[in-house]
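Shown next: my_file_31.cif, containing mmCIF, N, CA and C atoms.
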data_structure
loop_
_atom_site.label_atom_id
_atom_site.label_comp_id
_atom_site.auth_asym_id
_atom_site.auth_seq_id
_atom_site.Cartn_x
_atom_site.Cartn_y
_atom_site.Cartn_z
N MET A 48 -92.19 -125.49 -90.02
CA MET A 48 -92.33 -124.66 -88.86
C MET A 48 -92.65 -125.51 -87.62
N MET A 49 -93.43 -126.56 -87.83
CA MET A 49 -93.81 -127.43 -86.72
C MET A 49 -92.57 -128.08 -86.10
N VAL A 50 -91.65 -128.52 -86.93
CA VAL A 50 -90.45 -129.19 -86.43
C VAL A 50 -89.56 -128.19 -85.69
N LEU A 51 -89.41 -127.00 -86.23
CA LEU A 51 -88.56 -125.99 -85.59
C LEU A 51 -89.09 -125.63 -84.21
N ILE A 52 -90.37 -125.39 -84.09
CA ILE A 52 -90.96 -125.03 -82.80
C ILE A 52 -90.84 -126.19 -81.82
N THR A 53 -91.06 -127.41 -82.30
CA THR A 53 -90.97 -128.57 -81.44
C THR A 53 -89.53 -128.80 -80.96
N VAL A 54 -88.56 -128.54 -81.80
CA VAL A 54 -87.16 -128.68 -81.38
C VAL A 54 -86.83 -127.66 -80.30
N VAL A 55 -87.36 -126.45 -80.42
CA VAL A 55 -87.14 -125.44 -79.38
C VAL A 55 -87.79 -125.89 -78.07
N VAL A 56 -89.01 -126.42 -78.14
CA VAL A 56 -89.68 -126.92 -76.94
C VAL A 56 -88.89 -128.07 -76.33
N LYS A 57 -88.40 -128.97 -77.16
CA LYS A 57 -87.60 -130.10 -76.67
C LYS A 57 -86.34 -129.61 -75.97
N GLN A 58 -85.71 -128.59 -76.52
CA GLN A 58 -84.51 -128.03 -75.89
C GLN A 58 -84.84 -127.43 -74.52
N MET A 59 -85.99 -126.77 -74.42
CA MET A 59 -86.42 -126.21 -73.14
C MET A 59 -86.70 -127.32 -72.12
N LEU A 60 -87.30 -128.40 -72.57
CA LEU A 60 -87.57 -129.53 -71.67
C LEU A 60 -86.28 -130.19 -71.19
N LEU A 61 -85.31 -130.32 -72.09
CA LEU A 61 -84.03 -130.89 -71.69
C LEU A 61 -83.30 -129.99 -70.71
N LYS A 62 -83.42 -128.69 -70.92
CA LYS A 62 -82.81 -127.74 -69.98
C LYS A 62 -83.45 -127.88 -68.60
N GLY A 63 -84.77 -128.07 -68.56
CA GLY A 63 -85.46 -128.28 -67.29
C GLY A 63 -85.02 -129.55 -66.60
N ARG A 64 -84.82 -130.61 -67.39
CA ARG A 64 -84.36 -131.87 -66.81
C ARG A 64 -82.95 -131.73 -66.27
N ASN A 65 -82.09 -131.01 -66.99
CA ASN A 65 -80.73 -130.81 -66.51
C ASN A 65 -80.71 -129.98 -65.22
N GLU A 66 -81.59 -129.00 -65.13
CA GLU A 66 -81.69 -128.21 -63.90
C GLU A 66 -82.13 -129.10 -62.73
N TYR A 67 -83.05 -130.01 -62.99
CA TYR A 67 -83.51 -130.95 -61.96
C TYR A 67 -82.34 -131.80 -61.46
N TYR A 68 -81.56 -132.35 -62.40
CA TYR A 68 -80.42 -133.17 -62.01
C TYR A 68 -79.39 -132.35 -61.24
N LEU A 69 -79.18 -131.11 -61.64
CA LEU A 69 -78.23 -130.25 -60.95
C LEU A 69 -78.68 -130.00 -59.51
N GLN A 70 -79.98 -129.79 -59.32
CA GLN A 70 -80.51 -129.61 -57.97
C GLN A 70 -80.30 -130.88 -57.13
N GLN A 71 -80.54 -132.04 -57.74
CA GLN A 71 -80.36 -133.30 -57.02
C GLN A 71 -78.89 -133.52 -56.65
N LEU A 72 -77.99 -133.16 -57.55
CA LEU A 72 -76.56 -133.31 -57.25
C LEU A 72 -76.12 -132.34 -56.17
N ARG A 73 -76.69 -131.13 -56.14
CA ARG A 73 -76.37 -130.19 -55.08
C ARG A 73 -76.85 -130.72 -53.73
N LYS A 74 -78.03 -131.33 -53.71
CA LYS A 74 -78.53 -131.95 -52.48
C LYS A 74 -77.58 -133.04 -52.01
N LEU A 75 -77.15 -133.87 -52.96
CA LEU A 75 -76.25 -134.98 -52.64
C LEU A 75 -74.92 -134.45 -52.12
N ALA A 76 -74.41 -133.38 -52.71
CA ALA A 76 -73.13 -132.81 -52.28
C ALA A 76 -73.23 -132.20 -50.89
N SER A 77 -74.41 -131.69 -50.53
CA SER A 77 -74.56 -131.09 -49.20
C SER A 77 -74.88 -132.13 -48.13
N GLY A 78 -75.00 -133.39 -48.52
CA GLY A 78 -75.22 -134.46 -47.56
C GLY A 78 -76.67 -134.86 -47.40
N LYS A 79 -77.56 -134.26 -48.16
CA LYS A 79 -78.98 -134.61 -48.08
C LYS A 79 -79.27 -135.78 -49.03
N LYS A 80 -80.41 -136.41 -48.83
CA LYS A 80 -80.82 -137.52 -49.68
C LYS A 80 -81.31 -136.98 -51.02
N ALA A 81 -80.86 -137.60 -52.11
CA ALA A 81 -81.24 -137.17 -53.45
C ALA A 81 -81.74 -138.36 -54.25
N ASN A 82 -82.67 -138.10 -55.16
CA ASN A 82 -83.23 -139.14 -56.02
C ASN A 82 -82.65 -138.99 -57.42
N LEU A 83 -81.62 -139.76 -57.73
CA LEU A 83 -81.00 -139.67 -59.05
C LEU A 83 -81.55 -140.71 -60.02
N LYS A 84 -82.40 -141.61 -59.54
CA LYS A 84 -82.98 -142.63 -60.42
C LYS A 84 -84.17 -142.10 -61.19
N LYS A 85 -84.78 -141.06 -60.68
CA LYS A 85 -85.96 -140.49 -61.33
C LYS A 85 -85.52 -139.76 -62.61
N ILE A 86 -86.12 -140.10 -63.74
CA ILE A 86 -85.69 -139.54 -65.01
C ILE A 86 -86.30 -138.16 -65.25
N HIS A 87 -87.59 -138.02 -64.99
CA HIS A 87 -88.30 -136.76 -65.26
C HIS A 87 -88.66 -136.07 -63.95
N PRO A 88 -88.55 -134.75 -63.92
CA PRO A 88 -88.93 -134.02 -62.70
C PRO A 88 -90.39 -134.24 -62.30
N THR A 89 -91.29 -134.25 -63.27
CA THR A 89 -92.71 -134.50 -63.00
C THR A 89 -93.24 -135.47 -64.05
N LYS A 90 -94.42 -136.01 -63.79
CA LYS A 90 -95.03 -136.94 -64.74
C LYS A 90 -95.40 -136.23 -66.04
N SER A 91 -95.91 -135.00 -65.93
CA SER A 91 -96.29 -134.27 -67.14
C SER A 91 -95.07 -133.93 -67.99
N HIS A 92 -93.91 -133.78 -67.35
CA HIS A 92 -92.68 -133.50 -68.10
C HIS A 92 -92.36 -134.66 -69.03
N GLY A 93 -92.55 -135.87 -68.55
CA GLY A 93 -92.33 -137.05 -69.39
C GLY A 93 -93.29 -137.12 -70.56
N TYR A 94 -94.56 -136.77 -70.31
CA TYR A 94 -95.54 -136.76 -71.40
C TYR A 94 -95.20 -135.69 -72.44
N LEU A 95 -94.76 -134.53 -71.97
CA LEU A 95 -94.40 -133.46 -72.89
C LEU A 95 -93.20 -133.85 -73.75
N GLU A 96 -92.22 -134.53 -73.16
CA GLU A 96 -91.07 -134.97 -73.94
C GLU A 96 -91.47 -136.01 -74.99
N THR A 97 -92.35 -136.93 -74.62
CA THR A 97 -92.81 -137.93 -75.58
C THR A 97 -93.59 -137.27 -76.71
N THR A 98 -94.45 -136.32 -76.38
CA THR A 98 -95.21 -135.61 -77.40
C THR A 98 -94.29 -134.82 -78.31
N ALA A 99 -93.28 -134.18 -77.75
CA ALA A 99 -92.33 -133.43 -78.56
C ALA A 99 -91.58 -134.35 -79.52
N ASN A 100 -91.16 -135.52 -79.04
CA ASN A 100 -90.47 -136.47 -79.90
C ASN A 100 -91.36 -136.94 -81.05
N LEU A 101 -92.63 -137.22 -80.74
CA LEU A 101 -93.55 -137.64 -81.80
C LEU A 101 -93.79 -136.52 -82.80
N ASN A 102 -93.91 -135.28 -82.33
CA ASN A 102 -94.11 -134.16 -83.24
C ASN A 102 -92.90 -133.97 -84.15
N ILE A 103 -91.70 -134.14 -83.61
CA ILE A 103 -90.50 -134.03 -84.44
C ILE A 103 -90.51 -135.11 -85.51
N LEU A 104 -90.84 -136.33 -85.13
CA LEU A 104 -90.87 -137.43 -86.09
C LEU A 104 -91.93 -137.21 -87.17
N ILE A 105 -93.14 -136.91 -86.75
CA ILE A 105 -94.23 -136.70 -87.72
C ILE A 105 -93.96 -135.49 -88.60
N GLY A 106 -93.49 -134.41 -88.02
CA GLY A 106 -93.19 -133.21 -88.80
C GLY A 106 -92.09 -133.44 -89.82
N THR A 107 -91.08 -134.21 -89.43
CA THR A 107 -89.99 -134.51 -90.36
C THR A 107 -90.48 -135.39 -91.51
N LEU A 108 -91.33 -136.36 -91.19
CA LEU A 108 -91.89 -137.21 -92.25
C LEU A 108 -92.75 -136.41 -93.22
N ILE A 109 -93.57 -135.51 -92.69
CA ILE A 109 -94.40 -134.67 -93.55
C ILE A 109 -93.53 -133.74 -94.39
N TRP A 110 -92.53 -133.17 -93.77
CA TRP A 110 -91.64 -132.24 -94.47
C TRP A 110 -90.86 -132.95 -95.57
N GLY A 111 -90.35 -134.16 -95.26
CA GLY A 111 -89.52 -134.88 -96.22
C GLY A 111 -90.30 -135.60 -97.31
N TYR A 112 -91.47 -136.14 -96.96
CA TYR A 112 -92.20 -136.96 -97.91
C TYR A 112 -93.59 -136.42 -98.23
N GLY A 113 -93.89 -135.22 -97.80
CA GLY A 113 -95.23 -134.65 -98.02
C GLY A 113 -95.58 -134.48 -99.48
N ASP A 114 -94.58 -134.18 -100.29
CA ASP A 114 -94.85 -133.99 -101.72
C ASP A 114 -95.21 -135.31 -102.41
N LEU A 115 -94.81 -136.42 -101.85
CA LEU A 115 -95.12 -137.72 -102.45
C LEU A 115 -96.57 -138.13 -102.17
N PHE A 116 -97.17 -137.54 -101.14
CA PHE A 116 -98.56 -137.88 -100.81
C PHE A 116 -99.55 -137.24 -101.75
N TYR A 117 -99.18 -136.15 -102.38
CA TYR A 117 -100.12 -135.42 -103.25
C TYR A 117 -99.71 -135.46 -104.68
#

Exercise: express the given structure as structure tokens:
Amino acid sequence: MMVLITVVVKQMLLKGRNEYYLQQLRKLASGKKANLKKIHPTKSHGYLETTANLNILIGTLIWGYGDLFY
């Protein structure tokens, strides 16, 4: 369940990042200055993505090898 929820959260974060890039490209198309080098919309967005990736990794390891620990 942990992995499934984390994958959904990760998908939502990626959707937010894509929306950010789309806004930047619209700015660029209208002639305004745009920042396309910035990877994450906010600093906390980057932390959330890193946490989601770690949760997916840890959850998958527990799910796949949890029976070997006990």

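Across the structure, atom CA of A:Val54 and atom CA of A:Ala99 are spaced 7.6 Å apart.
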
**Prompt:** Interatomic distance between atom CA of A:Leu51 and atom CA of A:Thr107?
**Reply:** 9.9 Å

**Prompt:** By how many Å are atom N of A:Asp114 and atom C of A:Asn102 apart?
**Reply:** 16.2 Å

**Message:** Neighbouring residues of stretch 63-72 of chain A were defined as those with any atom within 6.5 Å, considering all atoms listed in the file; residues of the same chain fewer than 4 positions away were excluded. Please report them as a ChimeraX atom specification.
**Reply:** /A:58-59,76-77,81-82,87-88

Taking the file as I've supplied it (selection: the PyMOL selection byres (((chain A and resi 49 and name CA) around 12) and name CA)), which residues are included? Please answer as a compact mmCIF listing (two decimals) with N, CA and C atoms, in the frame of the given file.
# COMPACT_ATOMS: atom_id res chain seq x y z
N MET A 48 -92.19 -125.49 -90.02
CA MET A 48 -92.33 -124.66 -88.86
C MET A 48 -92.65 -125.51 -87.62
N VAL A 50 -91.65 -128.52 -86.93
CA VAL A 50 -90.45 -129.19 -86.43
C VAL A 50 -89.56 -128.19 -85.69
N LEU A 51 -89.41 -127.00 -86.23
CA LEU A 51 -88.56 -125.99 -85.59
C LEU A 51 -89.09 -125.63 -84.21
N ILE A 52 -90.37 -125.39 -84.09
CA ILE A 52 -90.96 -125.03 -82.80
C ILE A 52 -90.84 -126.19 -81.82
N THR A 53 -91.06 -127.41 -82.30
CA THR A 53 -90.97 -128.57 -81.44
C THR A 53 -89.53 -128.80 -80.96
N VAL A 54 -88.56 -128.54 -81.80
CA VAL A 54 -87.16 -128.68 -81.38
C VAL A 54 -86.83 -127.66 -80.30
N VAL A 55 -87.36 -126.45 -80.42
CA VAL A 55 -87.14 -125.44 -79.38
C VAL A 55 -87.79 -125.89 -78.07
N VAL A 56 -89.01 -126.42 -78.14
CA VAL A 56 -89.68 -126.92 -76.94
C VAL A 56 -88.89 -128.07 -76.33
N ALA A 99 -93.28 -134.18 -77.75
CA ALA A 99 -92.33 -133.43 -78.56
C ALA A 99 -91.58 -134.35 -79.52
N ASN A 100 -91.16 -135.52 -79.04
CA ASN A 100 -90.47 -136.47 -79.90
C ASN A 100 -91.36 -136.94 -81.05
N LEU A 101 -92.63 -137.22 -80.74
CA LEU A 101 -93.55 -137.64 -81.80
C LEU A 101 -93.79 -136.52 -82.80
N ASN A 102 -93.91 -135.28 -82.33
CA ASN A 102 -94.11 -134.16 -83.24
C ASN A 102 -92.90 -133.97 -84.15
N ILE A 103 -91.70 -134.14 -83.61
CA ILE A 103 -90.50 -134.03 -84.44
C ILE A 103 -90.51 -135.11 -85.51
N LEU A 104 -90.84 -136.33 -85.13
CA LEU A 104 -90.87 -137.43 -86.09
C LEU A 104 -91.93 -137.21 -87.17
N ILE A 105 -93.14 -136.91 -86.75
CA ILE A 105 -94.23 -136.70 -87.72
C ILE A 105 -93.96 -135.49 -88.60
N GLY A 106 -93.49 -134.41 -88.02
CA GLY A 106 -93.19 -133.21 -88.80
C GLY A 106 -92.09 -133.44 -89.82
N THR A 107 -91.08 -134.21 -89.43
CA THR A 107 -89.99 -134.51 -90.36
C THR A 107 -90.48 -135.39 -91.51
N LEU A 108 -91.33 -136.36 -91.19
CA LEU A 108 -91.89 -137.21 -92.25
C LEU A 108 -92.75 -136.41 -93.22
N ILE A 109 -93.57 -135.51 -92.69
CA ILE A 109 -94.40 -134.67 -93.55
C ILE A 109 -93.53 -133.74 -94.39
N TRP A 110 -92.53 -133.17 -93.77
CA TRP A 110 -91.64 -132.24 -94.47
C TRP A 110 -90.86 -132.95 -95.57

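The nearest approach to A:Leu60 among the residues A:Gly111, A:Phe116, A:Lys80, A:His92, with all atoms listed in the file taken into account, belongs to A:His92.
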
**alpha helix (DSSP H) positions in chain A, given as a PyMOL selection string** = chain A and resi 49-76+90-116
